[in-house]
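To keep things clear, I will list the structure first and then write my remarks on it.
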Amino acid sequence: MTLLTLSASVPGMKPTCDPQENCHATKGQSTICFVALYLIALGTGGIKPCVSSFGADQFDDADEAEKEHKSSFFNWFYLSINVGALVAASLLVWVQTTVSWGWGFGIPAVAMAIAVVSFFSGTKLYRNQKPGGSPLTRISQVIVASIRKYDVEVPDDKSGLYEIEEESESAIQGSRKLEHSNGLR
Amino acid sequence: MSTNLVSYFKTQLNQHSATASKNVANWGGTCYITPLIGAFVADAYLGRYLTILYFSVVYVIVSIVSSIFTLLLLTVMVESREEI
């Protein structure tokens with residue numbers, strides 16, 4: 001964002017325009033702009049899938065009051081996303097076309113900086129879930145195990161099935177155990 | 001961001017309409033693919049908090065460093081122009 005704002009506002013980085021309003025961007029200026037854009041894409045990639053699930057991590061489903069807070073949290077979350085999209089599509093486009101491109105990219109850059117600072121100021125209050133290791137390993141484990149044991153007979157009682165020692169937590173760190181089901185017999 | 005990007009490319013970077021919308025579509029597509037990478041990294045190795053932390057910290061550092069770099073480059077360009 002910072003880079004994009006610079007590329008749209010710093011005179012030497014800004015494409016030069018002649019009186020007929022034809023702009024001539026150099027190769028370097030275009031490159032800076034695209035590098036900035038794809039860095040934004042990468043940053044989005046790390047943040048987008050995590051914020052909503054990180055928000056859900058903050059509430060304990062076993063607690064009734066927290067469960068209620070969670071659905072309220074997601075209501076506000078989607079409200080702010082949509083209000084943000086509305087402002088971006090109306091006010092910011094207006095700023096970009098009538099005021100300047102520098103401000104048009106600068107306002108979201110400042111907003112993003114404020115958001116990042118306020119998110120990290122709450123660090124001590126957050127609940128963190130442990131990562132569970134690569135899912136690809138577990139998927140291949142399931143495939144290998146089901147091939148190797150395809151001719152083993154399924155016991156009628158679930159106590160005959162393999163089970164790990166722990167009561168509530170599964171072998172995957174930080175995940176809940178799944179109940180045995182009769183649905184796939 | 002992407003709402004007005006086509007007109008930015010057209011008016012400021014002097015791109016043809018087709019090129020501009022191709023570039024915006026490519027970028028938009030990348031924005032939809034990168035969360036898959038981020039999600040995998042978060043679930044498998046880093047956890048969500050650290051993923052958000054690293055991606056935004058790396059992001060901020062890269063943008064600040066490259067802004068400083070480009071600013072320095074600009075000064076060098078201006079100085080060399082003055083020498084001539």
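Labels used: A, B, ... for chains in the order of the structure tokens, numbers from 1 for residues in each chain, and numbers from 1 for ligands as shown.
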
Fill in: Selection near region 58-66 of chain A, 10 Å with only C-alpha atoms, sequence-local residues under 5 positions removed, as a ChimeraX atom specification
/A:53,71-73,125-129

Save the residues we just selected, N, CA and C atoms, as an mmCIF file, in the first residue's frame?
```cif
data_model
loop_
_atom_site.group_PDB
_atom_site.id
_atom_site.type_symbol
_atom_site.label_atom_id
_atom_site.label_comp_id
_atom_site.auth_asym_id
_atom_site.auth_seq_id
_atom_site.Cartn_x
_atom_site.Cartn_y
_atom_site.Cartn_z
ATOM 1 N N SER A 53 -11.293 -17.138 10.834
ATOM 2 C CA SER A 53 -11.144 -18.319 11.689
ATOM 3 C C SER A 53 -10.422 -17.976 12.988
ATOM 4 N N SER A 71 -21.642 -15.459 17.492
ATOM 5 C CA SER A 71 -22.496 -15.128 16.350
ATOM 6 C C SER A 71 -22.675 -13.620 16.242
ATOM 7 N N SER A 72 -22.680 -12.938 17.395
ATOM 8 C CA SER A 72 -22.738 -11.474 17.366
ATOM 9 C C SER A 72 -21.473 -10.904 16.720
ATOM 10 N N PHE A 73 -20.319 -11.510 17.065
ATOM 11 C CA PHE A 73 -19.053 -11.070 16.480
ATOM 12 C C PHE A 73 -19.089 -11.180 14.959
ATOM 13 N N LEU A 125 -4.356 -10.466 24.700
ATOM 14 C CA LEU A 125 -5.708 -10.917 25.031
ATOM 15 C C LEU A 125 -6.156 -12.114 24.198
ATOM 16 N N TYR A 126 -5.378 -12.469 23.155
ATOM 17 C CA TYR A 126 -5.867 -13.466 22.218
ATOM 18 C C TYR A 126 -5.675 -14.901 22.711
ATOM 19 N N ARG A 127 -6.598 -15.744 22.282
ATOM 20 C CA ARG A 127 -6.436 -17.184 22.467
ATOM 21 C C ARG A 127 -5.862 -17.744 21.180
ATOM 22 N N ASN A 128 -4.823 -18.542 21.309
ATOM 23 C CA ASN A 128 -4.199 -19.082 20.103
ATOM 24 C C ASN A 128 -4.352 -20.593 20.029
ATOM 25 N N GLN A 129 -4.761 -21.070 18.844
ATOM 26 C CA GLN A 129 -4.823 -22.510 18.625
ATOM 27 C C GLN A 129 -3.535 -22.991 17.992
#
```

Worksheet item: Hey, what's within 10 Å of Ser175 (chain A) if we count only C-alpha atoms and toss same-chain stuff fewer than 5 positions away? As a ChimeraX atom specification, please?
Response: /A:129-132,168-170

Each chain B residue no farther than 8 Å from chain A, nearest pair in Å, only C-alpha atoms, as a tab-separated table:
```
residue	atom	partner	partner_atom	distance
B:Met1	CA	A:Ala88	CA	7.2
B:Thr3	CA	A:Ala89	CA	6.2
B:Asn4	CA	A:Val93	CA	6.2
B:Tyr8	CA	A:Trp101	CA	7.9
B:Thr11	CA	A:Cys23	CA	6.6
B:Gln12	CA	A:Cys23	CA	5.7
B:Leu13	CA	A:Ala25	CA	5.0
B:Asn14	CA	A:Cys23	CA	5.6
B:Trp27	CA	A:Tyr38	CA	6.9
B:Thr30	CA	A:Ala41	CA	6.3
B:Cys31	CA	A:Ala41	CA	4.8
B:Tyr32	CA	A:Gly45	CA	7.6
B:Ile33	CA	A:Gly45	CA	7.4
B:Thr34	CA	A:Gly45	CA	4.2
B:Pro35	CA	A:Gly45	CA	3.7
B:Leu36	CA	A:Gly45	CA	7.1
B:Ile37	CA	A:Gly45	CA	6.8
B:Gly38	CA	A:Gly46	CA	4.2
B:Ala39	CA	A:Pro49	CA	5.6
B:Phe40	CA	A:Ser134	CA	7.7
B:Ala42	CA	A:Pro131	CA	6.8
B:Asp43	CA	A:Pro131	CA	5.2
B:Ala44	CA	A:Gly133	CA	4.1
B:Tyr45	CA	A:Pro131	CA	5.5
B:Leu46	CA	A:Pro131	CA	6.0
B:Gly47	CA	A:Pro131	CA	4.6
B:Arg48	CA	A:Cys50	CA	5.4
B:Tyr49	CA	A:Asn128	CA	6.7
B:Thr51	CA	A:Gly46	CA	6.2
B:Ile52	CA	A:Ile47	CA	5.2
B:Phe55	CA	A:Gly46	CA	5.4
B:Ser56	CA	A:Gly43	CA	6.2
B:Tyr59	CA	A:Gly43	CA	6.0
B:Ser63	CA	A:Leu3	CA	5.6
B:Ile64	CA	A:Thr2	CA	6.9
B:Ser66	CA	A:Leu3	CA	7.1
B:Ser67	CA	A:Leu3	CA	5.5
B:Leu74	CA	A:Gly12	CA	6.5
```

Fill in: Shell around Asn182 (chain A) at 12 Å using only C-alpha atoms, local window under 5 positions removed, as an NGL selection string
:A and (154-158)

Create the file for the chosen residues now, containing C-alpha atoms and written as a PDB file, in the first residue's frame.
```pdb
ATOM      1  CA  VAL A 154     -15.397 -54.235  10.961  1.00  0.00           C
ATOM      2  CA  PRO A 155     -16.297 -55.137  14.601  1.00  0.00           C
ATOM      3  CA  ASP A 156     -19.958 -54.719  15.696  1.00  0.00           C
ATOM      4  CA  ASP A 157     -18.984 -52.865  18.862  1.00  0.00           C
ATOM      5  CA  LYS A 158     -17.013 -49.615  18.610  1.00  0.00           C
TER       6      LYS A 158
END
```

Fill in: Non-local contacts of Ser21 (chain B) (12 Å; only C-alpha atoms; under 3 positions in same chain excluded) as a list in words
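Skipping anything fewer than 3 positions along the chain leaves Ser2, Thr3, Asn4, Leu5, Val6, Ser7, Tyr8, Phe9, Lys10, Gln15, His16, Ser17, Ala18, Val24, Ala25, Asn26, Trp27, Gly28 and Gly29 of chain B.
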
Item to complete: Have a look at CA of Val99 (chain A) and CA of Met112 (chain A) and let me know their distance in Å, one decimal.
Response: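 Rounded to one decimal, the two atoms are 20.3 Å apart.
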
Worksheet item: Pick from A:Glu167, A:Ser159, A:Ala111, A:Val152: nearest to Gly84 (chain A), with only C-alpha atoms counted?
Response: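 Under the stated criterion, the closest residue is A:Ala111.
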
Worksheet item: chain A: which residues are strand (DSSP E or B) by DSSP, as a PyMOL selection string?
Response: chain A and resi 16-17+23-24+169+176

Would you mind exporting the chosen residues as an mmCIF file, in the first residue's frame, restricted to N, CA and C atoms?
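Saved file result33.cif follows:
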```
data_model
loop_
_atom_site.group_PDB
_atom_site.id
_atom_site.type_symbol
_atom_site.label_atom_id
_atom_site.label_comp_id
_atom_site.auth_asym_id
_atom_site.auth_seq_id
_atom_site.Cartn_x
_atom_site.Cartn_y
_atom_site.Cartn_z
ATOM 1 N N THR A 16 4.397 10.751 -16.295
ATOM 2 C CA THR A 16 4.231 12.136 -16.724
ATOM 3 C C THR A 16 3.082 12.253 -17.710
ATOM 4 N N CYS A 17 2.344 13.344 -17.608
ATOM 5 C CA CYS A 17 1.203 13.547 -18.498
ATOM 6 C C CYS A 17 1.415 14.822 -19.299
ATOM 7 N N CYS A 23 -0.860 10.034 -20.738
ATOM 8 C CA CYS A 23 0.197 9.760 -19.781
ATOM 9 C C CYS A 23 1.182 8.758 -20.372
ATOM 10 N N HIS A 24 2.462 8.942 -20.013
ATOM 11 C CA HIS A 24 3.479 8.009 -20.488
ATOM 12 C C HIS A 24 4.227 7.418 -19.305
ATOM 13 N N GLU A 169 -9.022 -34.873 23.405
ATOM 14 C CA GLU A 169 -8.230 -34.365 22.292
ATOM 15 C C GLU A 169 -7.833 -35.486 21.332
ATOM 16 N N ARG A 176 -10.431 -31.421 18.250
ATOM 17 C CA ARG A 176 -11.344 -32.259 19.023
ATOM 18 C C ARG A 176 -11.483 -33.634 18.391
#
```

Item to complete: Can you work out the spacing between CA of Glu179 (chain A) and CA of Ile139 (chain A) in Å, to one decimal?
Response: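 Separating CA of Glu179 (chain A) from CA of Ile139 (chain A) is a distance of 18.6 Å.
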
Worksheet entry | d(CA of Gln173 (chain A), CA of Ala56 (chain A)) in Å |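 Value for the CA of Gln173 (chain A)-CA of Ala56 (chain A) distance: 17.7 Å.
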